[in-house]
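Trainee: Input input_21.cif, format and content: mmCIF, C-alpha atoms.
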data_entry
#
loop_
_atom_site.label_atom_id
_atom_site.label_comp_id
_atom_site.auth_asym_id
_atom_site.auth_seq_id
_atom_site.Cartn_x
_atom_site.Cartn_y
_atom_site.Cartn_z
CA MET A 241 0.00 0.00 0.00
CA ALA A 242 1.32 3.44 -0.95
CA ILE A 243 2.52 6.05 1.51
CA ARG A 244 -0.01 8.89 1.55
CA ILE A 245 1.75 12.20 1.00
CA ASP A 246 0.36 14.59 3.60
CA GLY A 247 0.02 18.07 2.10
CA LYS A 248 -1.59 19.44 5.25
CA LEU A 249 1.45 18.46 7.30
CA VAL A 250 4.00 19.87 4.85
CA SER A 251 2.04 23.07 4.25
CA SER A 252 1.74 23.68 8.00
CA LYS A 253 5.52 23.43 8.33
CA ILE A 254 5.99 25.92 5.50
CA ARG A 255 3.49 28.28 7.12
CA GLU A 256 5.43 28.10 10.38
CA GLU A 257 8.63 28.93 8.48
CA VAL A 258 6.86 31.84 6.79
CA LYS A 259 5.61 33.06 10.17
CA GLY A 260 9.18 33.09 11.47
CA GLU A 261 10.46 34.96 8.40
CA VAL A 262 7.65 37.52 8.71
CA SER A 263 8.58 38.10 12.35
CA LYS A 264 12.23 38.74 11.41
CA LEU A 265 11.25 41.14 8.65
CA THR A 266 8.82 42.97 10.95
CA ASP A 267 11.64 43.46 13.45
CA LYS A 268 13.58 45.17 10.65
CA GLY A 269 10.66 47.48 9.91
CA ILE A 270 9.40 45.55 6.86
CA LYS A 271 5.79 44.37 7.01
CA PRO A 272 5.17 41.81 4.23
CA ALA A 273 1.92 42.66 2.44
CA LEU A 274 -0.12 40.92 -0.24
CA ALA A 275 -2.76 42.67 -2.37
CA VAL A 276 -5.49 40.37 -3.68
CA ILE A 277 -7.89 41.75 -6.28
CA LEU A 278 -11.29 40.13 -6.82
CA VAL A 279 -13.46 41.29 -9.72
CA GLY A 280 -17.05 40.12 -9.91
CA ASN A 281 -19.22 37.69 -7.96
CA ASP A 282 -17.86 34.22 -8.72
CA PRO A 283 -18.60 32.18 -5.56
CA ALA A 284 -15.57 29.87 -5.90
CA SER A 285 -13.25 32.86 -6.39
CA ALA A 286 -14.68 34.52 -3.28
CA VAL A 287 -13.89 31.38 -1.24
CA TYR A 288 -10.33 31.24 -2.59
CA VAL A 289 -9.77 34.89 -1.73
CA ARG A 290 -11.10 34.42 1.81
CA ASN A 291 -8.78 31.44 2.31
CA LYS A 292 -5.79 33.49 1.12
CA GLN A 293 -6.71 36.37 3.41
CA LYS A 294 -7.05 34.02 6.38
CA ALA A 295 -3.69 32.39 5.62
CA CYS A 296 -2.03 35.81 5.45
CA LEU A 297 -3.43 36.82 8.84
CA GLU A 298 -2.33 33.54 10.42
CA THR A 299 1.28 34.03 9.30
CA GLY A 300 1.52 37.77 9.95
CA ILE A 301 1.39 38.88 6.32
CA GLU A 302 -0.79 41.95 5.86
CA PRO A 303 -3.64 41.23 3.44
CA HIS A 304 -5.02 44.00 1.23
CA GLN A 305 -8.22 42.82 -0.40
CA ILE A 306 -9.63 44.92 -3.23
CA THR A 307 -13.12 43.82 -4.31
CA LEU A 308 -14.48 45.30 -7.54
CA PRO A 309 -17.90 44.95 -9.19
CA GLU A 310 -18.47 42.74 -12.22
CA GLU A 311 -18.85 45.74 -14.53
CA THR A 312 -15.42 47.19 -13.66
CA GLU A 313 -13.66 48.39 -16.81
CA GLU A 314 -10.29 46.92 -17.75
CA ARG A 315 -8.65 50.37 -17.67
CA GLU A 316 -9.80 50.89 -14.08
CA LEU A 317 -8.31 47.55 -13.03
CA LEU A 318 -5.02 48.34 -14.81
CA ASP A 319 -4.86 51.70 -13.04
CA ILE A 320 -5.27 49.97 -9.65
CA ILE A 321 -2.48 47.52 -10.50
CA ASP A 322 -0.26 50.43 -11.56
CA LYS A 323 -0.76 52.12 -8.17
CA LEU A 324 0.01 48.86 -6.34
CA ASN A 325 3.16 48.40 -8.45
CA ARG A 326 4.39 51.81 -7.25
CA ASP A 327 3.42 51.22 -3.60
CA ASP A 328 6.57 50.16 -1.73
CA ASP A 329 4.48 48.78 1.13
CA ILE A 330 2.90 46.14 -1.14
CA HIS A 331 5.16 43.14 -1.86
CA GLY A 332 2.85 40.83 -3.80
CA ILE A 333 -0.04 41.41 -6.19
CA LEU A 334 -2.50 38.69 -7.10
CA VAL A 335 -5.54 39.03 -9.38
CA GLN A 336 -7.98 36.21 -8.75
CA LEU A 337 -8.92 34.38 -11.95
CA PRO A 338 -11.19 33.98 -13.83
CA LEU A 339 -11.91 37.62 -14.68
CA PRO A 340 -15.15 38.82 -16.29
CA LYS A 341 -15.17 38.18 -20.05
CA HIS A 342 -14.75 41.84 -21.02
CA ILE A 343 -11.36 42.01 -19.26
CA SER A 344 -8.23 40.47 -20.81
CA SER A 345 -6.55 38.19 -18.26
CA GLU A 346 -3.31 38.36 -20.24
CA ARG A 347 -3.15 42.18 -20.24
CA VAL A 348 -3.96 42.26 -16.53
CA ILE A 349 -1.33 39.67 -15.58
CA GLU A 350 1.30 41.40 -17.75
CA ALA A 351 0.56 44.69 -15.97
CA ILE A 352 1.77 43.28 -12.63
CA SER A 353 5.39 44.17 -11.86
CA PRO A 354 7.67 41.10 -12.18
CA LYS A 355 8.98 41.98 -8.72
CA LYS A 356 5.47 41.52 -7.29
CA ASP A 357 4.16 38.69 -9.51
CA VAL A 358 3.80 36.19 -6.66
CA ASP A 359 1.55 33.95 -8.79
CA ALA A 360 4.37 33.77 -11.38
CA PHE A 361 1.96 33.81 -14.31
CA SER A 362 3.52 36.63 -16.35
CA HIS A 363 5.63 36.16 -19.48
CA ASP A 364 8.66 37.40 -17.55
CA SER A 365 8.16 34.85 -14.78
CA VAL A 366 7.52 32.01 -17.23
CA GLY A 367 10.68 32.89 -19.16
CA ARG A 368 12.75 32.86 -15.98
CA ILE A 369 11.42 29.40 -15.12
CA MET A 370 12.52 28.19 -18.56
CA GLU A 371 16.03 29.46 -17.84
CA GLY A 372 16.03 28.23 -14.24
CA LYS A 373 16.71 31.79 -13.01
CA TYR A 374 13.49 32.57 -11.20
CA SER A 375 12.49 34.64 -8.18
CA PHE A 376 9.00 33.17 -7.88
CA LEU A 377 7.49 29.88 -8.96
CA PRO A 378 3.84 29.17 -9.82
CA CYS A 379 2.36 28.10 -6.51
CA THR A 380 0.93 24.68 -7.40
CA PRO A 381 3.99 23.28 -9.26
CA ALA A 382 6.24 24.72 -6.55
CA GLY A 383 4.08 22.98 -3.95
CA VAL A 384 4.50 19.66 -5.77
CA MET A 385 8.29 20.09 -5.73
CA GLU A 386 8.18 20.81 -1.98
CA LEU A 387 6.18 17.63 -1.37
CA LEU A 388 8.66 15.54 -3.37
CA ALA A 389 11.58 17.07 -1.46
CA HIS A 390 9.92 16.58 1.93
CA TYR A 391 9.33 12.88 1.22
CA ASN A 392 12.86 12.46 -0.15
CA VAL A 393 11.67 11.50 -3.63
CA GLU A 394 14.74 11.56 -5.87
CA VAL A 395 13.94 13.41 -9.10
CA GLU A 396 17.33 13.43 -10.80
CA GLY A 397 17.52 10.86 -13.61
CA LYS A 398 13.95 9.68 -13.05
CA GLU A 399 11.40 9.32 -15.82
CA CYS A 400 8.56 11.73 -15.13
CA VAL A 401 5.23 12.09 -16.92
CA VAL A 402 3.15 15.26 -16.56
CA ILE A 403 -0.43 14.82 -17.79
CA GLY A 404 -1.78 18.22 -18.77
CA ARG A 405 -0.15 21.17 -20.54
CA SER A 406 -1.77 24.22 -18.96
CA ASN A 407 0.30 27.36 -18.52
CA ILE A 408 -0.52 27.41 -14.81
CA VAL A 409 0.40 23.82 -13.88
CA GLY A 410 1.44 21.41 -16.64
CA LYS A 411 4.10 23.41 -18.49
CA PRO A 412 5.84 24.95 -15.45
CA MET A 413 5.64 21.58 -13.65
CA ALA A 414 7.55 19.98 -16.50
CA MET A 415 10.18 22.74 -16.40
CA LEU A 416 10.73 22.39 -12.64
CA LEU A 417 11.23 18.65 -12.98
CA LEU A 418 13.56 19.22 -15.91
CA ASN A 419 15.53 21.78 -13.88
CA LYS A 420 16.08 18.98 -11.34
CA SER A 421 17.52 16.75 -14.11
CA ALA A 422 14.50 14.51 -14.60
CA THR A 423 13.59 13.10 -18.01
CA VAL A 424 10.18 14.63 -18.65
CA THR A 425 7.32 13.72 -20.98
CA ILE A 426 4.30 16.05 -21.24
CA CYS A 427 1.10 14.24 -22.19
CA HIS A 428 -2.17 15.76 -23.38
CA SER A 429 -5.38 15.03 -25.28
CA LYS A 430 -3.49 14.29 -28.52
CA THR A 431 -0.94 11.90 -26.97
CA LYS A 432 -1.03 8.47 -28.57
CA ASN A 433 -0.85 5.32 -26.42
CA LEU A 434 -1.21 7.36 -23.22
CA PRO A 435 -1.40 4.34 -20.86
CA GLU A 436 1.87 2.95 -22.26
CA VAL A 437 3.60 6.33 -21.90
CA CYS A 438 2.38 6.74 -18.31
CA LYS A 439 3.42 3.21 -17.39
CA ARG A 440 7.08 4.10 -18.07
CA ALA A 441 7.03 6.81 -15.42
CA ASP A 442 8.75 6.72 -12.05
CA ILE A 443 6.81 9.88 -11.14
CA ILE A 444 3.41 10.88 -12.55
CA VAL A 445 1.93 14.34 -12.04
CA CYS A 446 -1.70 14.31 -13.15
CA ALA A 447 -3.14 17.76 -13.86
CA VAL A 448 -5.68 17.09 -16.57
CA GLY A 449 -8.82 18.36 -14.84
CA LYS A 450 -10.87 15.20 -15.36
CA ALA A 451 -12.28 13.25 -12.44
CA GLU A 452 -10.49 9.93 -11.78
CA PHE A 453 -8.77 10.03 -15.17
CA LEU A 454 -5.62 8.10 -14.18
CA THR A 455 -6.44 4.44 -13.59
CA ALA A 456 -4.46 1.45 -12.34
CA ASP A 457 -3.60 0.18 -15.81
CA MET A 458 -1.68 3.42 -16.48
CA VAL A 459 0.64 3.18 -13.47
CA LYS A 460 3.87 1.24 -13.06
CA PRO A 461 4.16 -0.62 -9.72
CA GLY A 462 6.13 1.52 -7.29
CA ALA A 463 5.56 4.83 -9.10
CA VAL A 464 5.06 8.07 -7.19
CA VAL A 465 1.69 9.58 -8.14
CA ILE A 466 0.92 13.27 -7.62
CA ASP A 467 -2.73 14.27 -8.12
CA VAL A 468 -3.24 17.99 -8.83
CA GLY A 469 -6.93 17.71 -9.77
CA ILE A 470 -9.95 18.85 -7.79
CA ASN A 471 -13.25 17.66 -9.26
CA ARG A 472 -16.73 16.51 -8.30
CA ASN A 473 -17.68 13.03 -9.44
CA SER A 474 -21.18 11.94 -10.52
CA GLU A 475 -22.13 11.46 -6.87
CA GLY A 476 -20.97 14.96 -5.93
CA LYS A 477 -17.95 13.67 -4.01
CA LEU A 478 -14.69 15.65 -4.13
CA VAL A 479 -12.14 13.61 -6.08
CA GLY A 480 -8.88 14.17 -7.92
CA ASP A 481 -7.66 13.33 -11.39
CA VAL A 482 -6.51 9.92 -10.10
CA LYS A 483 -8.76 6.94 -9.37
CA PHE A 484 -7.34 6.78 -5.87
CA ASP A 485 -8.70 3.44 -4.64
CA GLU A 486 -7.36 1.66 -7.74
CA VAL A 487 -3.97 3.36 -7.87
CA GLU A 488 -3.05 3.48 -4.17
CA PRO A 489 -2.25 -0.27 -3.91
CA ILE A 490 0.10 -0.03 -6.90
CA ALA A 491 1.97 3.24 -6.19
CA SER A 492 4.79 3.64 -3.69
CA MET A 493 3.55 7.14 -2.73
CA ILE A 494 0.38 9.04 -3.63
CA THR A 495 -1.30 12.35 -2.80
CA PRO A 496 -4.91 12.13 -1.60
CA VAL A 497 -7.65 14.58 -2.61
CA PRO A 498 -8.37 16.53 -0.55
CA GLY A 499 -5.32 16.99 1.68
CA GLY A 500 -2.54 16.49 -0.86
CA VAL A 501 -1.42 19.19 -3.28
CA GLY A 502 -4.28 21.59 -2.46
CA PRO A 503 -2.97 22.95 0.87
CA MET A 504 0.46 23.55 -0.69
CA THR A 505 -0.74 26.17 -3.17
CA ILE A 506 -1.55 28.87 -0.61
CA ALA A 507 1.54 27.95 1.43
CA MET A 508 3.74 28.65 -1.60
CA LEU A 509 1.92 31.93 -2.25
CA LEU A 510 2.82 33.02 1.27
CA LYS A 511 6.41 31.93 0.70
CA ASN A 512 6.61 33.93 -2.55
CA THR A 513 5.28 37.04 -0.78
CA VAL A 514 7.98 36.79 1.89
CA THR A 515 10.62 36.29 -0.82
CA SER A 516 9.44 39.51 -2.43
CA ALA A 517 9.50 41.36 0.89
CA LYS A 518 13.08 40.23 1.50
CA GLY A 519 14.09 41.86 -1.77
CA THR A 520 12.85 45.30 -0.70
#
Go through the file and emit its structure as structure tokens.
Mentor:
Amino acid sequence: MAIRIDGKLVSSKIREEVKGEVSKLTDKGIKPALAVILVGNDPASAVYVRNKQKACLETGIEPHQITLPEETEERELLDIIDKLNRDDDIHGILVQLPLPKHISSERVIEAISPKKDVDAFSHDSVGRIMEGKYSFLPCTPAGVMELLAHYNVEVEGKECVVIGRSNIVGKPMAMLLLNKSATVTICHSKTKNLPEVCKRADIIVCAVGKAEFLTADMVKPGAVVIDVGINRNSEGKLVGDVKFDEVEPIASMITPVPGGVGPMTIAMLLKNTVTSAKGT
């Protein structure tokens, strides 16, 4: 039976480290601060923003929440970001996605200063990840790397398969593994013989956004399986991208959903904010 990778445990340790770093910075007269902008009334986005605000308060980071109505014009949002860019007391800027359809997510993300892009979604941040010369890492892939390190999973020389090629998870995940000298294959909807490709992997990161997509016949015995997905199945139960009950007996380690990768995302956001504050 696989070892269950405990994201709650690892994220709590990171939060404690962040709390200590915040305390040191505060003693030096620097108060780490994160601005989170929410546009519109999306219920899921509102929950995510509340969770981020709560995590900030628990670790001593000062949260600045800016809530804007659905009809906010793009120019108004860009002006707010410009002011935050020039505010030395703000160390991280995060715009909660998705944005209303009349606002360009790309233009908004590109407007955030690279020095404050704690989500690491901008072209500048992505380019730095490609080169391995980054200040911030996208929070979910960075959280996966922290989990692997905490559980002493050797990445160097291993065959890794990333299922999913999104700009937020799949692509940066592949780059982080590659930067650690793994041999990486990115799989997607057009990949031929997907089960055979996955079965070669020592480490599988599944970020495809489909409930219980990865099944036992796609996993090599002893593989480490990281499940990034959060979905509702036909019964309304919260499940990942991995068919957990099938895969757990085969894998050597596996992340559950919930309680695996999920808690790491906010922990890494807090860590990025402190990194930015240290650079001031």
Trainee: Please evaluate the PyMOL selection byres ((chain A and resi 402) around 7) against the structure above and give the resulting residues as a CSV table (one decimal) with C-alpha atoms, in the frame of the given file.
Mentor:
chain,number,residue,atom,x,y,z
A,400,CYS,CA,8.6,11.7,-15.1
A,401,VAL,CA,5.2,12.1,-16.9
A,403,ILE,CA,-0.4,14.8,-17.8
A,404,GLY,CA,-1.8,18.2,-18.8
A,410,GLY,CA,1.4,21.4,-16.6
A,414,ALA,CA,7.6,20.0,-16.5
A,425,THR,CA,7.3,13.7,-21.0
A,426,ILE,CA,4.3,16.0,-21.2
A,427,CYS,CA,1.1,14.2,-22.2
A,444,ILE,CA,3.4,10.9,-12.6
A,445,VAL,CA,1.9,14.3,-12.0
A,446,CYS,CA,-1.7,14.3,-13.2
Trainee: Counting only C-alpha atoms, figure out which residue out of A:Gly367, A:Lys292, A:Ile254, A:Met241 gets nearest to His390 (chain A).
Mentor: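 Using only C-alpha atoms, His390 (chain A) sits closest to A:Ile254.
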Trainee: Could you tell me which of A:Val464, A:Leu265, A:Met508, A:Ala451 comes closest to Gly480 (chain A) if we count all atoms listed in the file?
Mentor: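 Counting all atoms listed in the file, the residue closest to Gly480 (chain A) is A:Ala451.
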Trainee: I'd like the residues picked by the PyMOL selection byres ((chain A and resi 456) around 8) written out as a list in words, using the chain letters and numbers from the file.
Mentor: Leu454, Thr455, Asp457, Met458, Val459, Lys483, Glu486, Val487 and Ile490 of chain A
Trainee: Might you spell out which residues the PyMOL selection byres ((chain A and resi 500) around 8) would select in the displayed file, as a list of chain:residue names?
Mentor: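 Against this file, the PyMOL selection byres ((chain A and resi 500) around 8) returns the residues A:Ile245, A:Asp246, A:Gly247, A:Lys248, A:Asp467, A:Thr495, A:Pro496, A:Val497, A:Pro498, A:Gly499, A:Val501, A:Gly502, A:Pro503, A:Met504.
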Trainee: Near region 460-463 of chain A, counting all atoms listed in the file, which residues have an atom at most 8 Å away, once you skip same-chain residues fewer than 4 positions from it, shown as a list of chain:residue names?
Mentor: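 Residues meeting the cut-off are A:Cys438, A:Lys439, A:Arg440, A:Ala441, A:Asp442, A:Ile443, A:Ile444, A:Ile490, A:Ala491, A:Ser492, A:Met493.
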Trainee: If I take CA of Gly449 (chain A) and CA of Asn407 (chain A), how far is one from the other in Å, to one decimal?
Mentor: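 Between these atoms lies a distance of 13.3 Å.
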Trainee: Of the candidates A:Lys259, A:Lys356, A:Arg405, A:Arg326, which one gets nearest to Thr431 (chain A) if we count only C-alpha atoms?
Mentor: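 Distance minimum relative to Thr431 (chain A) lands on A:Arg405.
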Trainee: Just to confirm, what's the straight-line distance from CA of Pro272 (chain A) to CA of Asp359 (chain A) in Å (one decimal)?
Mentor: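 A separation of 15.6 Å between them.
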Trainee: Please measure the separation of CA of Lys450 (chain A) and CA of Ser345 (chain A), giving the value in Å to one decimal.
Mentor: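 CA of Lys450 (chain A) sits 23.6 Å away from CA of Ser345 (chain A).
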Trainee: Around (-18.0, 37.8, -3.0) in the file's frame, which residues reach within 12 Å when counting all atoms listed in the file? Return as number ranges by chain?
Mentor: A: 277-290, 305-310, 336
Trainee: I'd like the neighbourhood of Ser421 (chain A) as a count of residues only, where a residue qualifies if any of its atoms comes within 10 Å (using all atoms listed in the file), though same-chain residues fewer than 3 positions away should be ignored.
Mentor: 10
Trainee: Looking at A:Lys420, A:Lys411, A:Arg472, A:Lys373, which one is nearest to Glu394 (chain A), with distances taken over only C-alpha atoms?
Mentor: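 Smallest distance to Glu394 (chain A) is found for A:Lys420.
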Trainee: Of the residues A:Glu436, A:Ala242, A:Gly476, A:Lys511, which is the one nearest to Glu257 (chain A), using only C-alpha atoms?
Mentor: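 Result for the nearest residue to Glu257 (chain A): A:Lys511.
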Trainee: Need the shell around region 296-304 of chain A: protein/DNA/RNA residues with any atom at most 10 Å away, counting all atoms listed in the file. Skip same-chain ones fewer than 4 positions apart. Format as a PyMOL selection string?
Mentor: chain A and resi 255-263+266+271-277+290-292+329-333+506-507+509-510+513-514
Trainee: When you count only C-alpha atoms, which of these residues is closest to Glu350 (chain A): A:Ala389, A:Leu249, A:Leu318, A:Leu337?
Mentor: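 Closest residue, counting only C-alpha atoms: A:Leu318.
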Trainee: Find the residues near Ile352 (chain A): any atom within 10 Å, counting all atoms listed in the file, skip ones fewer than 4 places away on the same chain, and give them as a list in words.
Mentor: Leu318, Ile321, Asp322, Leu324, Asn325, Gly332, Ile333, Leu334, Val335, Arg347, Val348, Lys356, Asp357, Val358, Ala360, Phe361 and Ser362 of chain A
